[in-house]
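Scroll down for the structure; my scribbles are underneath it.
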Amino acid sequence: MDPITRAVLSSWGWRVEVILILLLAGTWYTIGWRRLRQRTFGRKARQSDRRQRQTRSAWHLAARWRLIGYWAGLVVIALALMSPIDLLSGQLFFMHMIQHLLLIMIAPPLLLTANPLPFVLWGLPHGLRQKVGNAMSRLLHRQSASRRGLRTLTTPGAVWLFAVIAIVGWHDPAMYNAALRLGWVHDLEHLFFFAAGMAYWWHVTGAGPRIHKQFGLVGRIAFALAAVPPNMALGVILAFAREVVYTYYLSVPRLWGISVLDDQRIGGIIMWIPGSMMYILAALLLAARLLNQEMNKPVLPEQAWSSGEALIAPGIRKR
Amino acid sequence: MRRWIRLGDMKNLLLGLLLLGGILGPTTAVAAHGGGEIQLAFVPVGPYKMTLWLNPPQPQAQQTMHITVGLATPPDDAPMLDAQVEIVVADAQNGRVALTTAATTAASINKLFYETDFTLPDPGSYRVTARVSGPDGSGSAEFAMTVAPASTTNWLLIGLGGLGLLFLLALVRARKVGSELNSE
């Protein structure tokens, strides 16, 4: 292995605060998940309930994939913030784009498909859980001002606009260069991206708390696809730019012979193709779920569709 | 007596905040990153090019300062990892050396850079010289640094104290309202 690659691979920025927060979040979720799972499949659950739930366990609230998904989301955050990806983001634009992709498009959907709200609630001690549950039902009650405020702030349109402004705004050369120069601006950039990602994927995944009007599968597919055009446009602009947009990279050592302009092109392509693919993949998964729902609808009894009164010819119904 | 806040409302708010903390725990972890201001941008230093970052950009006396040095070898500007880097901080007025420290890749998180930490006891104007010595030659570059007097105000402590006081006031108020409700 050449010395530069070895140096890159050994550049891990272990941060106690990040590790502690992620471990705390993971442990909290796991405790809640275990409690809910015991209630579902454990001794306390009635035999008939257990059998019924086991048959549809793949989509059950306390299914194993949710726990794996949540931890995977935390691992992705850890990789984005402490691995060589983070340290190289100051030297390679495309590495910075990979970091953003992890924080906007990979970690949030993993965390939110795990539907953290009920597990976080069940991770609390019994007495506190009841208090928090009561507080939440008051705060998110249909008539409450807090619910109305939260709903207004997080309508799909507002979230889309926030995500577009966050992504486009932070890629403005002045903002981007400032984020590379000043640590606190970089922190703010990451927070914006993660918050935008969480808000966006909240609608796509349909995770709790569900405070908006029924946002059906078709709506969620459309919403997931609505993220593609702005993301793609930014990626295309960067991929085909003939000049270096982010001048900060002109004054740092280059890795593996990748020029600043080539690095920018690779970054643009990453934003354009894998970035858009994540939303398309989510739309496809939702479409598959929609089709599954259609297929699982109960079959109509034969007399409802085959009687002489109902049909003129096979497939054509009397009106 | 008109109550400015009901005990139940405040409890709900606190518990709501606790829950929000649980769900958004990973969010706070996202805000953790270093930084630094470039003082020398790809300046020639002997056969190499050097970029030097200083963090914080406006240093204060008795505060830890951090210098990061990136060395590149022309023509492809690949990182140079086998050099010795020495940082010399001297008083700008009389040239007296205030400190000398070695920046190394071992001391750095990003192993492609040379890093060092140091503290200056006194405020004033300084000249910082980075001396580089590698297999292809040696050289140096310098920049001016102004160190402000040590801050006598600990804003973090004041902020935390203020928050603690607010919390204490809210707690006292909640207890008072609670006892009033119980007596009714």
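Following the order of the structure tokens, chains are lettered A, B, ..., residues in each are numbered from 1, and ligands are numbered from 1.
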If you take only C-alpha atoms and a cut-off of 8 Å, which residues of range 166-210 of chain A touch range 112-133 of chain A, and what are their nearest atom pairs and distances in Å to one decimal, in chain and number order, as a Markdown table?
```
| residue | atom | partner | partner_atom | distance |
| --- | --- | --- | --- | --- |
| A:Met198 | CA | A:Leu112 | CA | 7.6 |
| A:Trp201 | CA | A:Leu112 | CA | 7.1 |
| A:Trp202 | CA | A:Leu112 | CA | 6.5 |
| A:Thr205 | CA | A:Thr113 | CA | 5.9 |
| A:Ala207 | CA | A:Asn115 | CA | 5.1 |
| A:Gly208 | CA | A:Leu117 | CA | 6.0 |
| A:Pro209 | CA | A:Leu117 | CA | 6.9 |
```
I want to know what sits within 12 Å of range 95-97 of chain A, based on only C-alpha atoms, with residues of the same chain fewer than 2 positions away left out; could you give that as a compact mmCIF listing (two decimals) with C-alpha atoms, in the first residue's frame?
```txt
# COMPACT_ATOMS: atom_id res chain seq x y z
CA ALA A 80 -19.63 10.74 7.85
CA LEU A 81 -18.23 12.60 10.86
CA SER A 83 -13.91 8.50 9.22
CA PRO A 84 -11.36 9.64 6.59
CA ILE A 85 -14.40 10.87 4.60
CA ASP A 86 -14.68 13.79 7.02
CA LEU A 87 -10.99 14.56 7.12
CA LEU A 88 -10.61 14.38 3.35
CA SER A 89 -13.60 16.67 2.77
CA GLY A 90 -11.21 19.60 3.20
CA GLN A 91 -8.96 18.30 0.44
CA LEU A 92 -11.31 16.66 -2.05
CA PHE A 93 -14.59 18.19 -3.14
CA GLN A 99 -20.18 13.24 3.27
CA HIS A 100 -23.22 15.39 2.46
CA LEU A 101 -24.88 12.50 0.67
CA LEU A 102 -24.47 10.35 3.79
CA LEU A 103 -25.95 13.07 6.02
CA ILE A 104 -28.87 14.01 3.74
CA MET A 105 -29.77 10.89 1.82
CA ILE A 167 -28.70 22.43 -0.59
CA TRP A 170 -24.74 25.98 0.99
CA HIS A 171 -23.23 25.25 -2.41
CA TYR A 176 -18.99 26.78 0.81
CA ALA A 179 -17.66 26.48 5.72
CA LEU A 180 -14.23 25.09 4.87
CA HIS A 186 -19.09 23.90 8.78
CA GLU A 189 -23.84 23.49 7.29
CA HIS A 190 -23.97 19.89 8.54
CA PHE A 193 -28.24 19.35 5.76
CA ASN A 231 -30.37 18.02 -6.89
CA LEU A 234 -26.84 21.41 -9.16
CA GLY A 235 -24.91 18.24 -9.94
CA LEU A 238 -20.87 21.38 -11.21
CA TYR A 246 -14.64 26.26 -4.98
CA TYR A 249 -9.25 23.52 -2.98
CA LEU A 255 -4.42 13.40 -3.70
CA ASP A 263 -12.33 16.58 -8.43
CA GLN A 264 -15.14 19.11 -8.90
CA ARG A 265 -16.50 17.14 -11.87
CA ILE A 266 -16.51 13.88 -9.89
CA GLY A 267 -18.28 15.69 -7.03
CA GLY A 268 -20.92 17.03 -9.45
CA ILE A 269 -21.47 13.55 -10.90
CA ILE A 270 -21.84 12.07 -7.40
CA MET A 271 -24.44 14.71 -6.57
CA TRP A 272 -26.19 14.20 -9.90
CA ILE A 273 -26.34 10.40 -10.22
CA PRO A 274 -26.08 8.62 -6.81
CA GLY A 275 -27.74 11.65 -5.17
```
CA of Ala283 in chain A to CA of Ile221 in chain A, straight-line distance in Å: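 CA of Ile221 in chain A sits 4.7 Å away from CA of Ala283 in chain A.
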query: Among range 21-178 of chain A, which residues carry a DSSP assignment of helix (DSSP H, G or I), reported as a ChimeraX atom specification?
result: /A:21-41,47-55,57-59,64-82,84-88,93-113,116-122,126-139,145-153,156-170,173-178
- request: Would you list the contacts of range 37-42 of chain B as a list of chain:residue names, taking every protein, DNA or RNA residue within 7 Å and counting only C-alpha atoms, but skipping same-chain residues closer than 4 positions in sequence?
  value: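 Final neighbour list, sorted by chain and number: A:Arg181, A:Leu182, A:Ser251, A:Val252, B:Lys49, B:Met50, B:Thr51, B:Leu52, B:Trp53, B:Leu54, B:Asn55, B:Pro57, B:Phe143.
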